[in-house]
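See below for the structure under consideration.
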Amino acid sequence: MDLGAITKYSALHAKPSGLVLQYGTAGFRTKAEHLDHVMFRMGLLAALRSKQTKSTVGVMVTASHNPEEDNGVKLVDPLGEMLAPSWEEHATCLANAEEQDMQRVLIDISEKEAVNLQQDAFVVVGRDTRPSSEKLSQSVMDGVTVLGGQFHDYGLLTTPQLHYMVYCRNTGGRYGKATLEGYYQKLSKAFVELIKQASCSGDEYRSLKVDCANGIGALKLREMEHYFSQGLSVQLFNDGSKGKLNHLCGADFVKSHQKPPQGMEIKSNERCCSFDGDADRIVYYYHDADGHFHLIDGDKIATLISSFLKELLMEIGENLNIGVVQTAYANGSSTRYLEEVMKVPVYCTKTGVKHLHHKAQEFDIGVYFEANGHGTALFSTAVEMKIKQSEQLEEKKRKAAKMLENIIDLFNQAAGDAISDMLVIEAILALKGLTVQQWDALYTDLPNRQLKVQVADRRVISTTNAERQAVTPPGLQEAINDLVKKYKLSRAFVRPSGTEDVVRVYAEADSQESADHLAHEVSLAVF
Ligand code: NG1
Ligand code: ZN
């Protein structure tokens, strides 16, 4: 380590003294003007992680669905996954070290993690469309360079595209080519193959309206659309040409306000979807003939996908298991439908995709989605082996195996991906001949409400049982239990957010009025 160079460059990315940030559910996130030192230091940390794992590591500069003025950064581990927990702690320590202590913290981390500093480092960097992102990503690259590492700057990318690039680079090209062209071709080829097998690919399956949250999704979908246009034509809204990023649009807005985005004209029964600001989340929706808005969230997406995959497995006749992973925010109706009607085992993990992702890896096919539309499906090597052996199967089974092979190629197994999920959903709807209303009618969501509560210190709330029960402060869980008893089909929980300085309250019940009341009462109990 060239300590002199580190000190010199760090001073150019000096930390405002006293600023404390935490590597949360989705890395660091705050106002962009407070992040320059964090970016430089995450460049240093990514280089160390790359040296330790002898692999390519990714750094993504984005604040997803947060307002345009914010920014953020997260590291992507060698298999395209979220950073390992011990390194998240290192990230927090390094970001918060005052200027004079920074070197010592860096050395401590490399000693604790037994990093061979002579090892080469390679880091790939991507960024979203925020005005602050270009300069901040430059600071990441400065950090990598100071530690003697090399980098490749992909420039503008969706978050899941960066995860894909990291995964490809560390799997010797088996997963795909680590270029945008490689990504577009892999997904589009699989999509077009699948669509060819759809017997009912009439006009209603041919077009889709997409709200791009005025973010990176618009740029990347524009680049990609001609690759899959034989199968689907997309009409883009909120493409960044006029509006502000995530302002009154995008998946997070649509899900949390349960209403359509601005800037999109919706005719009755038209299929529409929204991406979030970095295109790793997707939700669908439509207006019925009476003008009522219907939201199809991550839970219903997981239901569509897992039922399709389960049917394929049954057709192939293989004894492979499939599981669905959700969080406490999953609508109670979805869990009931999956378990009781579809007979698929459902597991609940803590919020944050890394938890869902790890659980999903335990199955031959693991489908995971957060209710907000962040998710994907993972396939074990056992599934890939079965497909390879399918040449010997009878024709019907072979066809199902081929379909499964294409679906696997269409998923981004490195991370939840709005573009990839959109194509998966469109393919399944066309193959099954399902309209958006029929999909929506699989089950009826229980009315629910999410609230945010501002408290002096959100860390006083701790939880257990996949965040469904509060452990501290004493008496809170008992108070929630008493409130829940007052309503039918009700459930409620509280947890501190990992991305905002708030406590989140969730409630569901048999009517919207009850859900609203219950959420309100629980939020009063939090004070
Ligand atoms: P927090 O702020 O920890 O609730 C939010 C989302 C997560 C996840 C992360 C990262 C909800 C209730 N929470 O986490 O699901 O997506 O942001 O973006 O939607
Ligand atoms: Zn996002």
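Ordering of the structure tokens sets the chain letters (A, B, ...), residue numbers begin anew at 1 in every chain, and ligands are numbered from 1 in the order given.
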Open item on the list: With only C-alpha atoms as the counted atoms, please give the residues lying no more than 12 Å from A:Leu429, apart from itself and same-chain residues fewer than 6 positions off, as a ChimeraX atom specification.
Closed with: /A:194-195,198-202,204-206,208,232,271,301,304-305,307-308,422-423,435-440
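By chain and then residue number, the residues within 9 Å of A:Lys189 are A:Tyr184, A:Gln185, A:Lys186, A:Val192, A:Glu193, A:Leu194, A:Tyr227, A:Phe228, A:Asn406, A:Asp409, A:Leu410, counting only C-alpha atoms and disregarding those fewer than 3 positions away in sequence.
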Spatial neighbours of stretch 514-527 of chain A, 9 Å, only C-alpha atoms, chain gap at least 4 places, as a compact mmCIF listing (two decimals) with C-alpha atoms, in the first residue's frame:
# COMPACT_ATOMS: atom_id res chain seq x y z
CA LEU A 446 -56.04 -7.89 1.49
CA PRO A 447 -56.40 -4.12 1.95
CA ASN A 448 -53.19 -2.82 3.52
CA ARG A 449 -51.46 0.35 4.61
CA GLN A 450 -47.82 1.29 5.10
CA LEU A 451 -46.87 4.32 7.19
CA LYS A 452 -43.61 5.95 8.13
CA VAL A 453 -43.08 7.22 11.68
CA GLN A 454 -40.35 9.64 12.63
CA VAL A 455 -38.82 8.84 16.03
CA ILE A 461 -36.87 -0.94 17.89
CA PRO A 473 -38.86 -1.56 23.38
CA LEU A 476 -44.53 -2.68 22.08
CA ALA A 479 -49.60 -3.36 22.38
CA ILE A 480 -49.56 -4.37 18.69
CA LEU A 483 -54.63 -3.70 18.46
CA VAL A 484 -54.53 -6.48 15.87
CA LYS A 486 -59.69 -5.62 17.20
CA TYR A 487 -59.82 -6.25 13.43
CA LYS A 488 -60.70 -9.15 11.15
CA SER A 490 -55.58 -8.49 10.45
CA ARG A 491 -51.83 -8.44 10.82
CA ALA A 492 -49.42 -5.64 11.69
CA PHE A 493 -45.74 -5.14 12.41
CA VAL A 494 -43.13 -2.40 12.80
CA VAL A 503 -39.78 3.38 11.49
CA ARG A 504 -42.06 1.59 9.03
CA VAL A 505 -45.51 0.42 10.06
CA TYR A 506 -47.43 -2.18 8.06
CA ALA A 507 -51.01 -3.27 8.61
CA GLU A 508 -53.52 -5.33 6.70
CA ALA A 509 -57.14 -6.15 7.45
CA ASP A 510 -60.46 -7.10 5.86
Write out as a Markdown table a residue-level contact list of chain A versus ligand 2 with cut-off 8 Å: for each qualifying residue the closest pair of atoms and the distance in Å to one decimal, counting only C-alpha atoms and all ligand atoms, rows sorted by chain and residue number upward.
| residue | atom | partner | partner_atom_place_in_ligand_line | distance |
| --- | --- | --- | --- | --- |
| A:Ala63 | CA | ligand 2 | 1 (Zn) | 7.4 |
| A:Ser64 | CA | ligand 2 | 1 (Zn) | 3.9 |
| A:His65 | CA | ligand 2 | 1 (Zn) | 5.7 |
| A:Thr159 | CA | ligand 2 | 1 (Zn) | 7.3 |
| A:Asp276 | CA | ligand 2 | 1 (Zn) | 5.5 |
| A:Gly277 | CA | ligand 2 | 1 (Zn) | 5.9 |
| A:Asp278 | CA | ligand 2 | 1 (Zn) | 4.8 |
| A:Ala279 | CA | ligand 2 | 1 (Zn) | 5.8 |
| A:Asp280 | CA | ligand 2 | 1 (Zn) | 4.7 |
| A:Arg281 | CA | ligand 2 | 1 (Zn) | 5.6 |
| A:His374 | CA | ligand 2 | 1 (Zn) | 7.7 |
Write a file of the just-selected residues containing C-alpha atoms, as an mmCIF file, in the first residue's frame.
data_model
loop_
_atom_site.group_PDB
_atom_site.id
_atom_site.type_symbol
_atom_site.label_atom_id
_atom_site.label_comp_id
_atom_site.auth_asym_id
_atom_site.auth_seq_id
_atom_site.Cartn_x
_atom_site.Cartn_y
_atom_site.Cartn_z
ATOM 1 C CA ALA A 63 -29.924 5.896 -5.065
ATOM 2 C CA SER A 64 -32.619 3.846 -6.808
ATOM 3 C CA HIS A 65 -36.053 5.338 -6.053
ATOM 4 C CA THR A 159 -28.208 -1.733 -11.307
ATOM 5 C CA ASP A 276 -37.935 2.298 -10.407
ATOM 6 C CA GLY A 277 -35.078 4.794 -10.863
ATOM 7 C CA ASP A 278 -32.326 2.178 -11.361
ATOM 8 C CA ALA A 279 -34.582 -0.441 -13.009
ATOM 9 C CA ASP A 280 -34.299 -3.223 -10.456
ATOM 10 C CA ARG A 281 -37.977 -3.146 -9.464
ATOM 11 C CA HIS A 374 -37.790 -6.445 -6.532
#
TODO: Enumerate the residues of stretch 40-262 of chain A with a DSSP assignment of helix (DSSP H, G or I), computed from the backbone, and present them as a PyMOL selection string.
DONE: chain A and resi 40-53+85-96+99-112+133-146+159-170+180-196+203-205+216-228+251-257
Write the selection just made, keeping C-alpha atoms, as a short mmCIF file (atom, residue, chain, number, x, y, z; two decimals), in the first residue's frame?
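Result written to again_3.cif:
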data_model
loop_
_atom_site.label_atom_id
_atom_site.label_comp_id
_atom_site.auth_asym_id
_atom_site.auth_seq_id
_atom_site.Cartn_x
_atom_site.Cartn_y
_atom_site.Cartn_z
CA PHE A 40 -13.47 7.37 -2.89
CA ARG A 41 -13.36 5.06 0.11
CA MET A 42 -15.71 2.53 -1.49
CA GLY A 43 -13.28 2.47 -4.41
CA LEU A 44 -10.54 1.58 -1.91
CA LEU A 45 -12.73 -1.05 -0.27
CA ALA A 46 -13.81 -2.59 -3.58
CA ALA A 47 -10.14 -2.93 -4.54
CA LEU A 48 -9.43 -4.71 -1.22
CA ARG A 49 -12.42 -7.03 -1.68
CA SER A 50 -11.28 -7.80 -5.21
CA LYS A 51 -7.76 -8.61 -4.00
CA GLN A 52 -9.17 -10.84 -1.26
CA THR A 53 -11.55 -12.77 -3.50
CA PRO A 85 -22.11 -8.92 5.93
CA SER A 86 -18.62 -8.59 7.50
CA TRP A 87 -17.61 -6.32 4.61
CA GLU A 88 -20.71 -4.20 5.12
CA GLU A 89 -19.37 -3.48 8.59
CA HIS A 90 -15.97 -2.62 7.13
CA ALA A 91 -17.72 -0.29 4.69
CA THR A 92 -19.42 1.55 7.54
CA CYS A 93 -16.17 1.85 9.55
CA LEU A 94 -14.21 3.08 6.55
CA ALA A 95 -16.84 5.61 5.48
CA ASN A 96 -17.08 7.06 8.99
CA GLU A 99 -9.57 11.84 7.79
CA GLN A 100 -6.62 11.22 10.14
CA ASP A 101 -7.85 7.70 11.06
CA MET A 102 -8.76 6.52 7.58
CA GLN A 103 -5.42 4.84 6.80
CA ARG A 104 -5.42 2.93 10.06
CA VAL A 105 -8.95 1.64 9.43
CA LEU A 106 -7.96 0.58 5.93
CA ILE A 107 -4.96 -1.33 7.24
CA ASP A 108 -7.09 -2.90 9.99
CA ILE A 109 -9.55 -4.19 7.41
CA SER A 110 -6.87 -5.68 5.20
CA GLU A 111 -5.28 -7.38 8.22
CA LYS A 112 -8.57 -8.71 9.59
CA SER A 133 -23.50 10.28 -10.58
CA GLU A 134 -20.75 10.88 -13.13
CA LYS A 135 -18.48 12.82 -10.80
CA LEU A 136 -19.16 10.46 -7.90
CA SER A 137 -18.31 7.40 -9.98
CA GLN A 138 -15.04 9.13 -10.91
CA SER A 139 -14.23 9.31 -7.20
CA VAL A 140 -14.82 5.54 -6.91
CA MET A 141 -12.30 4.97 -9.70
CA ASP A 142 -9.79 7.28 -7.98
CA GLY A 143 -10.05 5.03 -4.93
CA VAL A 144 -9.48 1.87 -6.96
CA THR A 145 -6.45 3.38 -8.71
CA VAL A 146 -4.78 4.56 -5.50
CA THR A 159 -28.21 -1.73 -11.31
CA PRO A 160 -29.06 -5.29 -12.42
CA GLN A 161 -26.96 -4.86 -15.56
CA LEU A 162 -23.94 -4.16 -13.37
CA HIS A 163 -24.71 -7.27 -11.28
CA TYR A 164 -24.92 -9.23 -14.54
CA MET A 165 -21.53 -7.90 -15.73
CA VAL A 166 -19.85 -8.90 -12.46
CA TYR A 167 -21.41 -12.38 -12.58
CA CYS A 168 -20.37 -12.93 -16.22
CA ARG A 169 -16.81 -11.83 -15.58
CA ASN A 170 -16.40 -14.22 -12.67
CA LEU A 180 -24.37 -4.59 -22.93
CA GLU A 181 -24.61 -6.26 -26.32
CA GLY A 182 -24.19 -9.64 -24.56
CA TYR A 183 -26.94 -8.80 -22.09
CA TYR A 184 -29.36 -7.60 -24.78
CA GLN A 185 -28.71 -10.59 -27.00
CA LYS A 186 -28.97 -13.21 -24.29
CA LEU A 187 -32.28 -11.95 -22.97
CA SER A 188 -33.83 -11.11 -26.32
CA LYS A 189 -32.93 -14.43 -27.91
CA ALA A 190 -34.55 -16.32 -25.03
CA PHE A 191 -37.61 -14.06 -25.15
CA VAL A 192 -38.16 -14.38 -28.89
CA GLU A 193 -37.74 -18.18 -28.68
CA LEU A 194 -40.40 -18.35 -25.97
CA ILE A 195 -42.83 -16.08 -27.76
CA LYS A 196 -42.57 -18.27 -30.87
CA ASP A 203 -52.38 -8.05 -30.52
CA GLU A 204 -53.16 -7.80 -26.84
CA TYR A 205 -49.85 -9.49 -26.01
CA ILE A 216 -31.84 4.77 -16.60
CA GLY A 217 -34.45 2.14 -17.53
CA ALA A 218 -35.64 4.36 -20.38
CA LEU A 219 -32.19 4.63 -21.94
CA LYS A 220 -31.47 0.94 -21.69
CA LEU A 221 -34.90 -0.16 -22.91
CA ARG A 222 -34.51 2.16 -25.93
CA GLU A 223 -31.14 0.54 -26.69
CA MET A 224 -32.63 -2.91 -26.33
CA GLU A 225 -36.12 -2.71 -27.83
CA HIS A 226 -35.17 -3.49 -31.42
CA TYR A 227 -33.64 -6.80 -30.28
CA PHE A 228 -37.00 -8.13 -29.09
CA ALA A 251 -42.48 1.64 -9.27
CA ASP A 252 -42.00 2.95 -5.74
CA PHE A 253 -44.48 5.80 -6.27
CA VAL A 254 -47.07 3.50 -7.85
CA LYS A 255 -46.72 0.83 -5.16
CA SER A 256 -46.74 3.14 -2.16
CA HIS A 257 -49.48 5.49 -3.37
#
Write out as a PDB file with C-alpha atoms, in the first residue's frame each polymer residue whose atoms come within 10 Å of A:Glu69, counting only C-alpha atoms; drop sequence neighbours fewer than 4 positions from it.
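Output file result.pdb is given in full below:
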ATOM      1  CA  THR A  30     -27.921  10.330   1.365  1.00  0.00           C
ATOM      2  CA  LYS A  31     -27.761  13.762  -0.259  1.00  0.00           C
ATOM      3  CA  ALA A  32     -25.299  13.612  -3.146  1.00  0.00           C
ATOM      4  CA  GLU A  33     -23.182  16.487  -1.809  1.00  0.00           C
ATOM      5  CA  ALA A  63     -29.924   5.896  -5.065  1.00  0.00           C
ATOM      6  CA  ARG A 130     -28.534  11.380 -11.702  1.00  0.00           C
ATOM      7  CA  PRO A 131     -26.668  14.621 -12.443  1.00  0.00           C
ATOM      8  CA  SER A 132     -24.290  13.855  -9.536  1.00  0.00           C
ATOM      9  CA  LEU A 245     -36.262  11.291 -11.709  1.00  0.00           C
TER      10      LEU A 245
END
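Here atom CA of A:Thr463 stands at a distance of 12.1 Å from atom CA of A:Thr349.
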Open item on the list: Neighbours of ligand 1 at 6 Å or closer, counting only C-alpha atoms and all ligand atoms: which residues, as a list in words?
Closed with: Thr25, Ala26, Thr351, Gly352, Glu370, Asn372, Ser497, Gly498, Thr499 and Glu500 of chain A
Using the selection just defined, write its residues with N, CA and C atoms as a CSV table (one decimal), in the first residue's frame.
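So the final result, stored in part-v9.csv, reads:
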chain,number,residue,atom,x,y,z
A,25,THR,N,-29.5,-1.4,4.0
A,25,THR,CA,-30.2,-2.4,3.2
A,25,THR,C,-29.6,-2.3,1.7
A,26,ALA,N,-29.4,-1.1,1.3
A,26,ALA,CA,-29.0,-0.9,-0.1
A,26,ALA,C,-27.7,-0.1,-0.2
A,351,THR,N,-36.3,-8.1,5.5
A,351,THR,CA,-36.4,-7.2,4.3
A,351,THR,C,-34.9,-7.0,3.7
A,352,GLY,N,-34.9,-6.8,2.4
A,352,GLY,CA,-33.5,-6.6,1.8
A,352,GLY,C,-33.3,-7.9,0.9
A,370,GLU,N,-39.8,-9.1,-3.3
A,370,GLU,CA,-40.3,-8.3,-2.3
A,370,GLU,C,-41.7,-7.7,-2.9
A,372,ASN,N,-42.6,-4.9,-3.2
A,372,ASN,CA,-42.4,-3.7,-4.0
A,372,ASN,C,-41.9,-4.0,-5.4
A,497,SER,N,-36.5,1.2,9.3
A,497,SER,CA,-36.0,1.2,7.9
A,497,SER,C,-34.5,1.0,7.8
A,498,GLY,N,-34.0,0.4,6.8
A,498,GLY,CA,-32.6,0.3,6.6
A,498,GLY,C,-32.1,1.3,5.6
A,499,THR,N,-33.0,2.1,5.0
A,499,THR,CA,-32.6,3.1,4.0
A,499,THR,C,-33.0,4.5,4.3
A,500,GLU,N,-33.9,4.7,5.3
A,500,GLU,CA,-34.4,6.0,5.7
A,500,GLU,C,-34.4,6.1,7.2
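The coordinates place atom CA of A:Thr376 at 16.2 Å from atom CA of A:Ser274.
Distances to A:Leu393 were evaluated for A:Asp445, A:Glu315, A:Leu157, A:Ala470 using only C-alpha atoms, and the minimum falls at A:Glu315.
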Open item on the list: as a ChimeraX atom specification, please: every residue in stretch 108-146 of chain A that DSSP puts in strand (DSSP E).
Closed with: /A:122-127
TODO: Have a look at A:Ala97, A:Leu489, A:Val324, A:Ala289 and name the one nearest to A:Asn269; count only C-alpha atoms.
DONE: A:Ala289
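Between A:Leu156 and the candidates A:Ala466, A:Val367, A:Met403, A:Val124, the tightest atom-to-atom separation, counting only C-alpha atoms, involves A:Val124.
Nearest to A:Pro16 of all the residues A:Phe151, A:Phe28, A:Leu83, A:Leu35 is A:Leu35, counting only C-alpha atoms.
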